[in-house]
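So this block is upload.cif, mmCIF, C-alpha atoms:
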```cif
data_structure
#
loop_
_atom_site.label_atom_id
_atom_site.label_comp_id
_atom_site.auth_asym_id
_atom_site.auth_seq_id
_atom_site.Cartn_x
_atom_site.Cartn_y
_atom_site.Cartn_z
CA MET A 47 0.00 0.00 0.00
CA PRO A 48 1.73 3.18 -1.11
CA ARG A 49 1.40 6.12 1.17
CA ASP A 50 2.44 9.64 0.50
CA LEU A 51 4.53 11.58 2.94
CA ALA A 52 2.01 14.37 2.75
CA ASP A 53 -0.50 12.10 4.44
CA VAL A 54 1.47 12.02 7.62
CA LEU A 55 2.81 15.49 7.93
CA HIS A 56 -0.22 17.24 9.31
CA TYR A 57 1.12 18.54 12.55
CA LEU A 58 4.77 17.66 12.51
CA LEU A 59 6.24 20.98 11.66
CA PRO A 60 5.58 24.41 13.10
CA GLU A 61 4.95 25.86 9.65
CA ALA A 62 2.44 23.17 8.82
CA GLU A 63 -0.41 24.15 6.52
CA PRO A 64 -4.00 24.54 7.73
CA LYS A 65 -4.83 20.96 6.85
CA ALA A 66 -1.90 19.95 8.95
CA ALA A 67 -3.05 21.90 11.97
CA ARG A 68 -5.81 19.51 12.90
CA THR A 69 -5.61 18.02 16.32
CA PRO A 70 -4.22 14.52 16.38
CA PRO A 71 -6.47 11.87 17.79
CA VAL A 72 -5.82 10.88 21.35
CA HIS A 73 -5.71 7.21 20.49
CA ALA A 74 -3.67 5.72 17.73
CA GLY A 75 -6.39 3.64 16.21
CA PRO A 76 -9.12 1.19 16.91
CA THR A 77 -8.55 -1.27 19.65
CA PRO A 78 -8.44 -4.75 18.19
CA ALA A 79 -11.59 -6.72 18.71
CA ARG A 80 -9.65 -9.68 19.96
CA ARG A 81 -6.41 -10.09 21.79
CA PRO A 82 -3.73 -10.98 19.22
CA ALA A 83 -2.28 -14.48 19.27
CA ALA A 84 1.09 -13.05 18.32
CA LEU A 85 2.44 -9.54 18.03
CA PRO A 86 3.62 -8.65 14.54
CA LEU A 87 7.35 -8.51 13.92
CA VAL A 88 9.04 -5.54 12.32
CA GLY A 89 12.57 -6.20 11.09
CA VAL A 90 14.86 -3.19 11.40
CA PRO A 91 18.29 -3.56 9.80
CA ILE A 92 20.73 -1.71 12.04
CA GLY A 93 24.46 -1.85 11.56
CA GLU A 94 27.03 -2.45 14.21
CA SER A 95 27.54 0.67 16.34
CA ASP A 96 24.73 2.53 14.55
CA VAL A 97 23.70 4.53 17.54
CA VAL A 98 21.22 6.76 15.72
CA ARG A 99 19.08 4.01 14.22
CA SER A 100 19.21 1.99 17.44
CA ALA A 101 18.04 4.97 19.41
CA LEU A 102 15.32 5.83 16.91
CA THR A 103 14.01 2.27 17.11
CA TRP A 104 13.98 2.29 20.89
CA ASN A 105 12.32 5.73 20.99
CA LEU A 106 9.72 4.52 18.51
CA ALA A 107 8.98 1.56 20.77
CA VAL A 108 8.55 3.97 23.67
CA GLU A 109 6.08 6.06 21.66
CA ILE A 110 4.07 2.97 20.74
CA ALA A 111 3.93 2.06 24.41
CA ARG A 112 2.79 5.60 25.21
CA LEU A 113 -0.07 5.03 22.80
CA GLY A 114 -1.19 2.20 25.04
CA ALA A 115 0.16 -0.78 23.12
CA ARG A 116 2.90 -3.27 23.91
CA ALA A 117 6.31 -2.65 22.35
CA LEU A 118 9.52 -4.61 22.51
CA VAL A 119 12.93 -4.48 20.90
CA LEU A 120 14.64 -7.80 20.27
CA ALA A 121 18.31 -7.53 19.37
CA PRO A 122 20.91 -10.21 18.79
CA LYS A 123 23.98 -10.12 20.97
CA SER A 124 26.19 -11.17 18.10
CA GLY A 125 26.72 -9.09 14.99
CA GLY A 126 26.38 -5.86 16.85
CA ASP A 127 27.01 -3.84 19.90
CA GLU A 128 24.53 -4.65 22.61
CA ALA A 129 25.51 -1.47 24.42
CA LEU A 130 23.59 0.43 21.73
CA LEU A 131 20.37 -0.41 23.50
CA PRO A 132 19.43 -0.34 27.15
CA VAL A 133 20.11 -3.48 29.12
CA SER A 134 17.67 -6.37 28.86
CA GLY A 135 14.47 -5.91 30.76
CA VAL A 136 11.52 -3.61 31.06
CA GLY A 137 12.29 0.09 30.74
CA PRO A 138 10.31 3.32 30.46
CA VAL A 139 6.53 2.94 29.97
CA GLY A 140 6.94 -0.82 29.89
CA VAL A 141 9.09 -1.05 26.78
CA GLU A 142 11.07 -4.23 26.94
CA VAL A 143 14.50 -4.87 25.46
CA VAL A 144 15.36 -8.52 24.88
CA HIS A 145 18.81 -9.64 23.83
CA SER A 146 19.02 -12.81 21.79
CA ASP A 147 21.79 -15.37 21.48
CA ALA A 148 20.77 -15.96 17.85
CA ARG A 149 23.65 -16.22 15.42
CA GLY A 150 21.68 -16.06 12.21
CA LEU A 151 18.40 -14.92 10.75
CA GLY A 152 16.66 -18.27 11.24
CA GLU A 153 17.49 -18.45 14.93
CA LEU A 154 16.58 -14.81 15.40
CA HIS A 155 13.23 -15.39 13.74
CA ARG A 156 12.44 -18.35 16.01
CA HIS A 157 13.32 -16.32 19.07
CA ALA A 158 11.21 -13.42 17.79
CA ILE A 159 8.20 -15.68 17.30
CA ASP A 160 8.54 -17.01 20.84
CA VAL A 161 8.65 -13.49 22.20
CA ALA A 162 5.78 -12.31 19.98
CA VAL A 163 3.50 -15.14 21.10
CA ASP A 164 4.48 -14.90 24.74
CA ARG A 165 4.03 -11.12 25.04
CA ALA A 166 0.78 -11.10 23.05
CA ALA A 167 -0.92 -12.57 26.09
CA GLU A 168 -0.21 -9.32 27.92
CA ALA A 169 -1.18 -7.04 25.03
CA PRO A 170 -4.91 -6.46 24.87
CA GLU A 171 -4.27 -3.26 22.91
CA GLY A 172 -1.97 -4.97 20.44
CA GLY A 173 1.61 -4.00 19.89
CA VAL A 174 4.71 -4.78 17.96
CA VAL A 175 8.10 -6.45 18.30
CA PHE A 176 10.97 -4.59 16.63
CA VAL A 177 13.68 -7.02 15.68
CA ARG A 178 17.12 -5.59 15.06
CA ILE A 179 18.66 -7.39 12.11
CA PRO A 180 22.43 -7.13 11.60
CA PRO A 181 22.67 -6.12 7.92
CA PRO A 182 25.41 -8.66 7.13
CA TRP A 183 22.83 -11.34 7.85
CA LEU A 184 20.84 -10.07 4.89
CA ALA A 185 23.70 -10.34 2.44
CA GLY A 186 23.98 -13.70 0.74
CA LEU A 187 20.75 -14.96 2.25
CA ALA A 188 20.26 -18.46 0.87
CA GLU A 189 16.59 -18.91 1.65
CA SER A 190 13.54 -16.80 2.14
CA SER A 191 12.80 -15.58 5.64
CA SER A 192 9.39 -14.54 6.83
CA LEU A 193 11.12 -12.38 9.43
CA LEU A 194 11.50 -9.99 6.51
CA ARG A 195 7.77 -9.88 5.88
CA TRP A 196 7.60 -6.40 7.35
CA CYS A 197 10.68 -4.23 7.60
CA LEU A 198 11.30 -0.64 8.52
CA LEU A 199 14.29 1.27 7.21
CA PHE A 200 15.49 4.57 8.62
CA THR A 201 17.31 6.82 6.19
CA SER A 202 18.48 10.37 5.96
CA GLY A 203 18.28 12.31 2.72
CA ASP A 204 22.00 11.94 2.09
CA ALA A 205 22.55 10.49 -1.39
CA ARG A 206 24.87 7.74 -0.25
CA GLU A 207 22.58 6.75 2.58
CA LEU A 208 19.67 6.61 0.16
CA LEU A 209 21.72 4.30 -2.06
CA GLU A 210 22.43 2.09 0.94
CA THR A 211 18.75 2.07 1.91
CA TYR A 212 17.74 1.20 -1.64
CA GLY A 213 20.29 -1.64 -1.61
CA ILE A 214 18.98 -3.02 1.67
CA ALA A 215 15.40 -2.82 0.38
CA LYS A 216 16.58 -4.72 -2.67
CA LEU A 217 18.11 -7.45 -0.48
CA ILE A 218 14.93 -7.72 1.57
CA LEU A 219 12.66 -7.88 -1.46
CA GLY A 220 14.99 -10.38 -3.06
CA ALA A 221 14.77 -12.63 -0.02
CA ASN A 222 11.05 -12.22 0.52
CA GLU A 223 9.03 -11.10 -2.45
CA CYS A 224 5.99 -10.45 -0.25
CA ALA A 225 7.91 -8.17 2.08
CA ARG A 226 6.44 -4.84 3.05
CA VAL A 227 9.29 -2.37 3.24
CA GLY A 228 8.58 0.87 5.06
CA ILE A 229 10.71 3.99 5.06
CA THR A 230 11.08 6.62 7.74
CA VAL A 231 13.16 9.60 6.73
CA HIS A 232 15.10 11.04 9.63
CA GLY A 233 17.34 14.05 9.96
CA ALA A 234 15.09 16.06 7.66
CA ARG A 235 15.65 19.77 7.98
CA ARG A 236 12.87 20.72 5.62
CA LEU A 237 9.73 18.96 4.59
CA ALA A 238 10.69 19.27 0.93
CA ASP A 239 13.99 17.48 1.58
CA ALA A 240 12.20 14.54 3.20
CA GLU A 241 9.67 14.33 0.41
CA GLN A 242 12.40 14.42 -2.17
CA ALA A 243 14.36 11.68 -0.39
CA PHE A 244 11.36 9.38 -0.18
CA ALA A 245 10.37 10.11 -3.80
CA ARG A 246 13.87 9.32 -4.98
CA LEU A 247 13.88 6.00 -3.16
CA THR A 248 10.46 4.88 -4.24
CA ARG A 249 11.07 5.95 -7.86
CA SER A 250 14.16 3.76 -8.07
CA THR A 251 12.48 0.85 -6.30
CA GLU A 252 9.56 0.95 -8.72
CA ARG A 253 11.80 1.30 -11.74
CA HIS A 254 14.38 -1.36 -10.93
CA LEU A 255 12.51 -3.74 -8.65
CA GLY A 256 8.90 -3.21 -9.71
CA ARG A 257 7.91 -2.71 -6.09
CA GLU A 258 6.56 0.13 -4.00
CA LEU A 259 7.77 1.30 -0.63
CA ALA A 260 5.50 2.36 2.20
CA SER A 261 6.06 5.70 3.84
CA TYR A 262 6.26 5.73 7.60
CA GLY A 263 6.64 9.47 7.83
CA LEU A 264 9.60 11.51 8.80
CA LEU A 265 11.44 12.55 11.91
CA VAL A 266 12.30 16.18 11.91
CA ASP A 267 15.86 17.17 12.56
CA ASP A 268 15.31 18.24 16.09
CA LEU A 269 18.23 18.53 18.41
CA ASP A 270 16.16 16.98 21.17
CA VAL A 271 16.29 13.61 19.40
CA TYR A 272 20.04 13.56 19.52
CA ARG A 273 20.21 14.96 23.02
CA ALA A 274 17.86 12.19 24.07
CA ILE A 275 20.14 9.67 22.41
CA VAL A 276 23.13 10.96 24.32
CA ALA A 277 21.17 11.08 27.58
CA ARG A 278 19.59 7.66 26.88
CA ARG A 279 16.26 9.13 27.83
CA PRO A 280 13.31 8.70 25.48
CA ILE A 281 12.46 11.88 23.64
CA GLY A 282 8.76 11.33 24.30
CA LEU A 283 9.41 11.52 28.04
CA ALA A 284 12.20 14.09 28.06
CA HIS A 285 10.61 16.61 25.67
CA PRO A 286 7.08 15.38 24.95
CA GLN A 287 5.95 18.62 23.31
CA SER A 288 8.92 19.03 21.01
CA PRO A 289 8.36 18.76 17.24
CA ALA A 290 10.64 15.72 17.25
CA ALA A 291 8.55 13.92 19.85
CA ARG A 292 5.36 14.71 17.97
CA ALA A 293 6.89 13.50 14.74
CA LEU A 294 8.00 10.29 16.39
CA ARG A 295 4.53 9.79 17.79
CA ASP A 296 3.07 10.16 14.33
CA VAL A 297 5.42 7.48 13.00
CA ALA A 298 4.44 5.33 15.98
CA ARG A 299 0.77 5.72 15.07
CA LEU A 300 1.41 4.58 11.52
CA VAL A 301 3.35 1.54 12.68
CA LEU A 302 0.77 0.67 15.32
CA ASP A 303 -2.15 1.03 12.91
CA ASP A 304 -0.48 -1.37 10.52
CA ALA A 305 0.53 -3.68 13.36
CA ARG A 306 -3.09 -3.95 14.41
CA GLU A 307 -4.07 -4.83 10.86
CA MET A 308 -1.35 -7.42 10.57
CA ALA A 309 -1.64 -8.98 14.02
CA VAL A 310 -2.29 -12.71 14.10
CA VAL A 311 -5.57 -13.21 15.96
CA MET B 61 49.76 20.11 23.79
CA ARG B 62 46.38 21.78 23.59
CA ASP B 63 48.19 25.12 23.52
CA ARG B 64 50.29 24.03 20.58
CA ILE B 65 47.43 22.71 18.52
CA ARG B 66 47.62 25.63 16.11
CA ASP B 67 51.01 24.39 14.96
CA PHE B 68 48.98 22.00 12.84
CA GLY B 69 46.44 24.45 11.50
CA PRO B 70 45.82 28.07 12.50
CA SER B 71 42.09 27.63 12.94
CA LEU B 72 42.18 24.32 14.82
CA ARG B 73 40.29 24.16 18.08
CA VAL B 74 40.17 21.17 20.41
CA ILE B 75 36.68 19.75 20.85
CA ALA B 76 37.43 16.57 22.81
CA GLU B 77 40.15 14.69 24.64
CA ASP B 78 40.76 10.98 25.05
CA VAL B 79 38.10 9.87 22.62
CA MET B 80 37.78 6.11 22.60
CA GLY B 81 37.47 4.45 19.21
CA GLU B 82 36.96 0.79 18.53
CA ARG B 83 40.01 -0.30 20.50
CA SER B 84 42.22 2.70 21.12
CA THR B 85 42.06 6.36 21.99
CA ALA B 86 42.68 9.63 20.18
CA ASP B 87 44.42 11.98 22.58
CA LEU B 88 42.85 15.09 21.09
CA VAL B 89 40.12 15.72 18.59
CA ALA B 90 40.17 19.09 16.89
CA VAL B 91 38.20 20.81 14.17
CA ASP B 92 39.20 23.65 11.87
CA ASP B 93 37.15 26.52 10.52
CA ARG B 94 36.09 24.42 7.53
CA GLY B 95 34.69 21.71 9.78
CA GLN B 96 37.42 19.21 9.02
CA VAL B 97 38.27 16.95 11.94
CA THR B 98 41.87 16.29 12.97
CA LEU B 99 42.82 13.51 15.36
CA ILE B 100 46.00 13.97 17.33
CA LEU B 101 47.76 10.93 18.70
CA ILE B 102 50.73 11.26 21.01
CA GLY B 103 53.19 8.45 21.58
CA GLU B 104 56.44 7.80 23.33
CA ALA B 105 59.72 6.65 21.82
CA GLY B 106 59.16 3.44 19.84
CA ASP B 107 55.41 3.86 19.67
CA ASP B 108 55.44 5.23 16.12
CA PRO B 109 54.49 2.04 14.16
CA THR B 110 51.59 1.37 16.50
CA LEU B 111 50.60 5.00 16.40
CA LEU B 112 50.31 4.88 12.61
CA THR B 113 48.08 1.81 12.71
CA ARG B 114 45.94 3.34 15.41
CA ALA B 115 45.62 6.56 13.46
CA LEU B 116 44.33 4.76 10.37
CA ALA B 117 41.86 2.74 12.41
CA LEU B 118 40.67 5.80 14.31
CA CYS B 119 40.28 7.89 11.14
CA SER B 120 38.13 5.17 9.66
CA TRP B 121 36.13 4.82 12.88
CA VAL B 122 35.54 8.56 13.19
CA SER B 123 34.69 8.97 9.49
CA ALA B 124 31.86 6.50 9.87
CA ARG B 125 30.44 8.52 12.74
CA LEU B 126 30.97 12.07 11.58
CA ALA B 127 27.43 12.46 10.30
CA ASP B 128 26.08 11.41 13.70
CA TRP B 129 28.47 13.71 15.52
CA ALA B 130 27.43 16.57 13.28
CA GLN B 131 23.82 15.97 14.24
CA ILE B 132 24.46 15.45 17.92
CA GLY B 133 26.64 18.53 18.18
CA PRO B 134 25.69 21.02 15.46
CA GLU B 135 27.43 23.74 17.40
CA LEU B 136 30.75 22.04 16.56
CA ARG B 137 30.12 22.88 12.89
CA LEU B 138 31.63 19.63 11.63
CA ASP B 139 31.68 18.89 7.94
CA PRO B 140 30.69 15.22 7.70
CA ASP B 141 31.95 15.04 4.12
CA ALA B 142 35.44 16.29 4.88
CA PRO B 143 38.07 13.57 5.28
CA VAL B 144 39.36 12.99 8.79
CA ARG B 145 43.07 13.64 9.08
CA ALA B 146 45.53 12.61 11.74
CA VAL B 147 48.58 14.14 13.31
CA LEU B 148 51.04 11.79 15.00
CA LEU B 149 53.40 13.10 17.61
CA CYS B 150 56.33 11.01 18.72
CA PRO B 151 59.88 11.73 19.88
CA ASP B 152 61.06 10.14 16.63
CA PHE B 153 59.80 8.14 13.67
CA ASP B 154 61.45 5.04 12.28
CA PRO B 155 62.25 5.28 8.53
CA GLU B 156 59.86 2.38 7.91
CA THR B 157 57.05 4.23 9.64
CA ARG B 158 57.80 7.33 7.55
CA SER B 159 57.77 5.26 4.35
CA ALA B 160 54.56 3.53 5.32
CA ALA B 161 52.91 6.84 6.10
CA ALA B 162 54.16 8.43 2.87
CA SER B 163 52.73 5.55 0.85
CA LEU B 164 49.25 6.51 1.98
CA GLY B 165 49.32 9.55 -0.29
CA ALA B 166 46.56 12.04 0.41
CA GLN B 167 45.44 10.09 3.43
CA ALA B 168 48.89 10.13 5.03
CA PRO B 169 48.88 11.43 8.57
CA VAL B 170 51.09 14.33 9.49
CA LEU B 171 54.16 13.16 11.40
CA ALA B 172 55.75 15.49 13.90
CA CYS B 173 58.52 14.92 16.41
CA TYR B 174 58.42 16.47 19.81
CA ARG B 175 61.13 17.06 22.35
CA GLU B 176 60.75 17.97 25.92
CA ALA B 177 62.55 21.17 26.80
CA HIS B 178 63.56 22.38 30.22
CA ASN B 179 64.17 26.05 30.67
CA GLY B 180 64.93 26.87 34.24
CA ALA B 181 61.84 26.34 36.32
CA GLN B 182 59.65 26.03 33.23
CA ASP B 183 59.08 22.81 31.34
CA GLY B 184 57.85 22.77 27.79
CA PHE B 185 58.40 21.05 24.49
CA TRP B 186 59.06 21.89 20.91
CA ILE B 187 57.76 20.33 17.77
CA GLU B 188 59.40 19.75 14.41
CA ALA B 189 58.01 18.30 11.22
CA ALA B 190 58.89 14.73 10.38
CA SER B 191 56.78 14.48 7.26
CA PRO B 192 57.82 16.83 4.41
CA SER B 193 56.14 19.84 5.93
CA VAL B 194 53.70 19.87 8.76
CA GLY B 195 51.92 22.94 7.49
CA ALA B 196 52.15 22.02 3.82
CA THR B 197 50.99 18.48 4.42
CA ALA B 198 48.13 19.73 6.53
CA ARG B 199 47.06 22.14 3.80
CA ALA B 200 47.51 19.51 1.12
CA ALA B 201 45.48 17.01 3.08
CA THR B 202 42.63 19.48 3.19
CA GLY B 203 42.69 20.04 -0.54
CA LEU B 204 43.43 16.54 -1.70
CA GLY B 205 40.92 15.05 0.63
CA ARG B 206 38.12 16.36 -1.53
CA HIS B 207 39.13 13.83 -4.16
CA THR B 208 39.20 10.92 -1.76
CA PRO B 209 36.88 8.23 -3.11
CA GLU B 210 33.72 7.44 -1.19
CA PRO B 211 34.22 4.79 1.48
CA ALA B 212 33.49 1.34 0.11
CA VAL B 213 31.48 0.29 3.12
CA PHE B 214 28.19 1.80 4.19
CA ARG B 215 27.13 2.56 7.75
CA SER B 216 25.31 -0.77 7.82
CA GLY B 217 28.66 -2.50 7.35
CA LEU B 218 27.62 -3.67 3.89
CA SER B 219 29.52 -2.82 0.74
CA GLU B 220 28.15 -2.01 -2.70
CA ALA B 221 29.11 -5.54 -3.69
CA ASP B 222 27.05 -6.98 -0.81
CA LEU B 223 24.07 -4.97 -2.03
CA HIS B 224 24.49 -6.17 -5.63
CA LEU B 225 24.03 -2.67 -6.97
CA THR B 226 24.13 -2.16 -10.70
CA ALA B 227 25.70 0.86 -12.34
CA GLU B 228 22.27 2.10 -13.31
CA GLU B 229 21.01 1.84 -9.74
CA ARG B 230 24.06 3.67 -8.45
CA ARG B 231 23.51 6.44 -10.98
CA ASP B 232 20.03 7.06 -9.58
CA PHE B 233 21.58 8.15 -6.30
CA GLU B 234 24.48 10.21 -7.49
CA SER B 235 24.31 13.63 -5.89
#
```
Spell out the structure here as structure tokens.
Amino acid sequence: MPRDLADVLHYLLPEAEPKAARTPPVHAGPTPARRPAALPLVGVPIGESDVVRSALTWNLAVEIARLGARALVLAPKSGGDEALLPVSGVGPVGVEVVHSDARGLGELHRHAIDVAVDRAAEAPEGGVVFVRIPPPWLAGLAESSSLLRWCLLFTSGDARELLETYGIAKLILGANECARVGITVHGARRLADAEQAFARLTRSTERHLGRELASYGLLVDDLDVYRAIVARRPIGLAHPQSPAARALRDVARLVLDDAREMAVV
Amino acid sequence: MRDRIRDFGPSLRVIAEDVMGERSTADLVAVDDRGQVTLILIGEAGDDPTLLTRALALCSWVSARLADWAQIGPELRLDPDAPVRAVLLCPDFDPETRSAAASLGAQAPVLACYREAHNGAQDGFWIEAASPSVGATARAATGLGRHTPEPAVFRSGLSEADLHLTAEERRDFES
């Protein structure tokens, strides 16, 4: 399902247009009629020592939890720096970080399923499990993995980073042709820059891969995000009224809405 | 040494000390008025071969993080696209270390010898160039660095080869 960035920009930026000034709903979306049997998994490729993407993922999980749903981050111990995320356990607003001993995508997927089923029992409002995937595990993937069924990629508008993001999307779609690949543009200084970055990515994906990407909004380049990263304090708790926190909440809504649609009931 | 930092560039200012990289530490991290980062590593006699290896590793480590640093600390006015350069300070440099450094071309670190100096009650040190010219090399590094090819590995740790990118796909994302 293609989605335009303009759909999600209503109240993210101070200079937002009248349409954008409408008050966001208090709740993220409809409460699922039934408790899910398993929380959906969102694969997030994050490189070793990639502090920004790790922090964005964790902050996104916190925002989803603030919307009343369950949110976890599962990260393998190998293939990355576990110090990028908080220690294992339950953190702010109930967000849980789980470290996995998995040494490959298959093992990681099995662990993720266990966690998704187990935590679903405590998630009447639904939720999501973010699974950090070490990018080298995507390269040379011999067989399809349903862990890649839904992936979220964070990218800035930098040309080289867009090329990298395109390449990772290509790997994911090559390994799972049914994959839904979502893009969140971060570090955007201007709305036009973010739109241009997403348009560039999706144009190339359609042209070369015959596939569309889903937009999961943008995170404005707000210093508070990076200060929160340094302080290891979620932006939504440290500066809840900042443009960055509101932007993150909007991305969280999009993810949670889709998670509720995709939840196994 | 902080007071002598301008020996290696008139606009250099120190922004951090003892910055830990993957395995080792840069003694000083400085930035010039163009936003180019300089790492300064100080060793003792005999440390020069190790210092060179550490400098290369630290330059690579810092380069991969410059964009994040620029976002975390915009007030530092870092240029994430400028190549990271290194200055190595040692009492002396072995000819092999000098040759190895020189072979790196535009990416060669600046080598400088230091000597402790005692003048009555005051202690200090003086610095002399070990590479062709400390100032000239520093200036050259700034200019030549613009032609340094893009790093082969992305932030994800994957290379273009890992991503199986075609020339046409790469062209789509040329700036």
Quick one: contact table of chain A to chain B, 7 Å max, nearest atom pair and distance in Å to one decimal per residue, counting all atoms listed in the file, chain and number order, as CSV?
```
residue,atom,partner,partner_atom,distance
A:Ile92,CA,B:Ser216,CA,6.3
A:Gly93,CA,B:Ser216,CA,4.0
A:Glu94,CA,B:Ser216,CA,6.8
A:Pro181,CA,B:Ser216,CA,6.0
A:Pro182,CA,B:Leu218,CA,6.3
A:Ala185,CA,B:Asp222,CA,5.8
A:Ala205,CA,B:Phe233,CA,5.5
A:Arg206,CA,B:Phe233,CA,6.9
A:Leu208,CA,B:Phe233,CA,6.9
A:Leu209,CA,B:Phe233,CA,5.7
A:Glu210,CA,B:Phe214,CA,6.6
A:Gly213,CA,B:Leu223,CA,5.1
A:Ile214,CA,B:Leu223,CA,6.6
A:Leu217,CA,B:Leu223,CA,6.6
A:Ser250,CA,B:Asp232,CA,6.9
A:Leu269,CA,B:Ile132,CA,7.0
A:Tyr272,CA,B:Ile132,CA,5.1
A:Arg273,CA,B:Ile132,CA,6.7
```
Original post:
Got a sec: who's within 12 Å of Leu194 of chain A, counting only C-alpha atoms, leaving out chain neighbours fewer than 4 positions off, as number ranges by chain?
Top reply: A: 86-91, 151-152, 154-155, 158, 176-179, 181, 183-184, 187, 189-190, 198-199, 214-228
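Nearest residue to Thr110 of chain B among B:Gly81, B:Val91, B:Asp154, B:Pro143 is B:Asp154, counting only C-alpha atoms.
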Subject >> 8 Å contact set for segment 162-174 of chain A, all atoms listed in the file, chain neighbours under 5 positions out, as a list in words >> reply: Thr77, Pro78, Arg80, Arg81, Pro82, Ala83, Ala84, Leu85, Pro86, Leu87, Val88, Ile110, Ala111, Gly114, Ala115, Arg116, Ala117, Leu118, Leu302, Ala305, Arg306 and Ala309 of chain A
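Distances from B:Ala76, B:Ala142, B:Leu116, B:Leu148 to Val97 of chain B were compared using all atoms listed in the file, and the smallest one belongs to B:Ala142.
For the set B:Pro151, B:Gly69, B:Pro140, B:Pro169, the residue with the smallest atom-to-atom gap to Gly106 of chain B is B:Pro151, counting all atoms listed in the file.
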**OP:** Select, from A:Thr251, A:Ser192, A:Ser134, A:Thr230, the residue with the minimum atom-to-atom distance to Ala298 of chain A, counting only C-alpha atoms.
**Re:** A:Thr230
From the block you just saw, export segment 241-257 of chain A: N, CA and C atoms, as a compact mmCIF listing (two decimals), in the first residue's frame.
```txt
# COMPACT_ATOMS: atom_id res chain seq x y z
N GLU A 241 10.52 14.79 1.51
CA GLU A 241 9.67 14.33 0.41
C GLU A 241 10.53 13.91 -0.77
N GLN A 242 11.53 14.71 -1.03
CA GLN A 242 12.40 14.42 -2.17
C GLN A 242 13.17 13.10 -1.93
N ALA A 243 13.61 12.91 -0.71
CA ALA A 243 14.36 11.68 -0.39
C ALA A 243 13.47 10.45 -0.57
N PHE A 244 12.26 10.53 -0.05
CA PHE A 244 11.36 9.38 -0.18
C PHE A 244 11.00 9.15 -1.66
N ALA A 245 10.74 10.24 -2.38
CA ALA A 245 10.37 10.11 -3.80
C ALA A 245 11.51 9.47 -4.60
N ARG A 246 12.72 9.86 -4.27
CA ARG A 246 13.87 9.32 -4.98
C ARG A 246 13.99 7.81 -4.75
N LEU A 247 13.78 7.43 -3.51
CA LEU A 247 13.88 6.00 -3.16
C LEU A 247 12.79 5.19 -3.85
N THR A 248 11.57 5.67 -3.73
CA THR A 248 10.46 4.88 -4.24
C THR A 248 10.47 4.84 -5.77
N ARG A 249 10.96 5.93 -6.40
CA ARG A 249 11.07 5.95 -7.86
C ARG A 249 12.03 4.86 -8.33
N SER A 250 13.18 4.77 -7.66
CA SER A 250 14.16 3.76 -8.07
C SER A 250 13.65 2.35 -7.78
N THR A 251 12.98 2.19 -6.66
CA THR A 251 12.48 0.85 -6.30
C THR A 251 11.43 0.38 -7.32
N GLU A 252 10.58 1.32 -7.73
CA GLU A 252 9.56 0.95 -8.72
C GLU A 252 10.21 0.65 -10.06
N ARG A 253 11.19 1.47 -10.42
CA ARG A 253 11.80 1.30 -11.74
C ARG A 253 12.63 0.01 -11.83
N HIS A 254 13.45 -0.24 -10.83
CA HIS A 254 14.38 -1.36 -10.93
C HIS A 254 13.82 -2.65 -10.34
N LEU A 255 12.97 -2.53 -9.34
CA LEU A 255 12.51 -3.74 -8.65
C LEU A 255 11.02 -4.00 -8.87
N GLY A 256 10.34 -3.05 -9.47
CA GLY A 256 8.90 -3.21 -9.71
C GLY A 256 8.09 -3.30 -8.43
N ARG A 257 8.61 -2.66 -7.38
CA ARG A 257 7.91 -2.71 -6.09
C ARG A 257 7.76 -1.30 -5.52
```
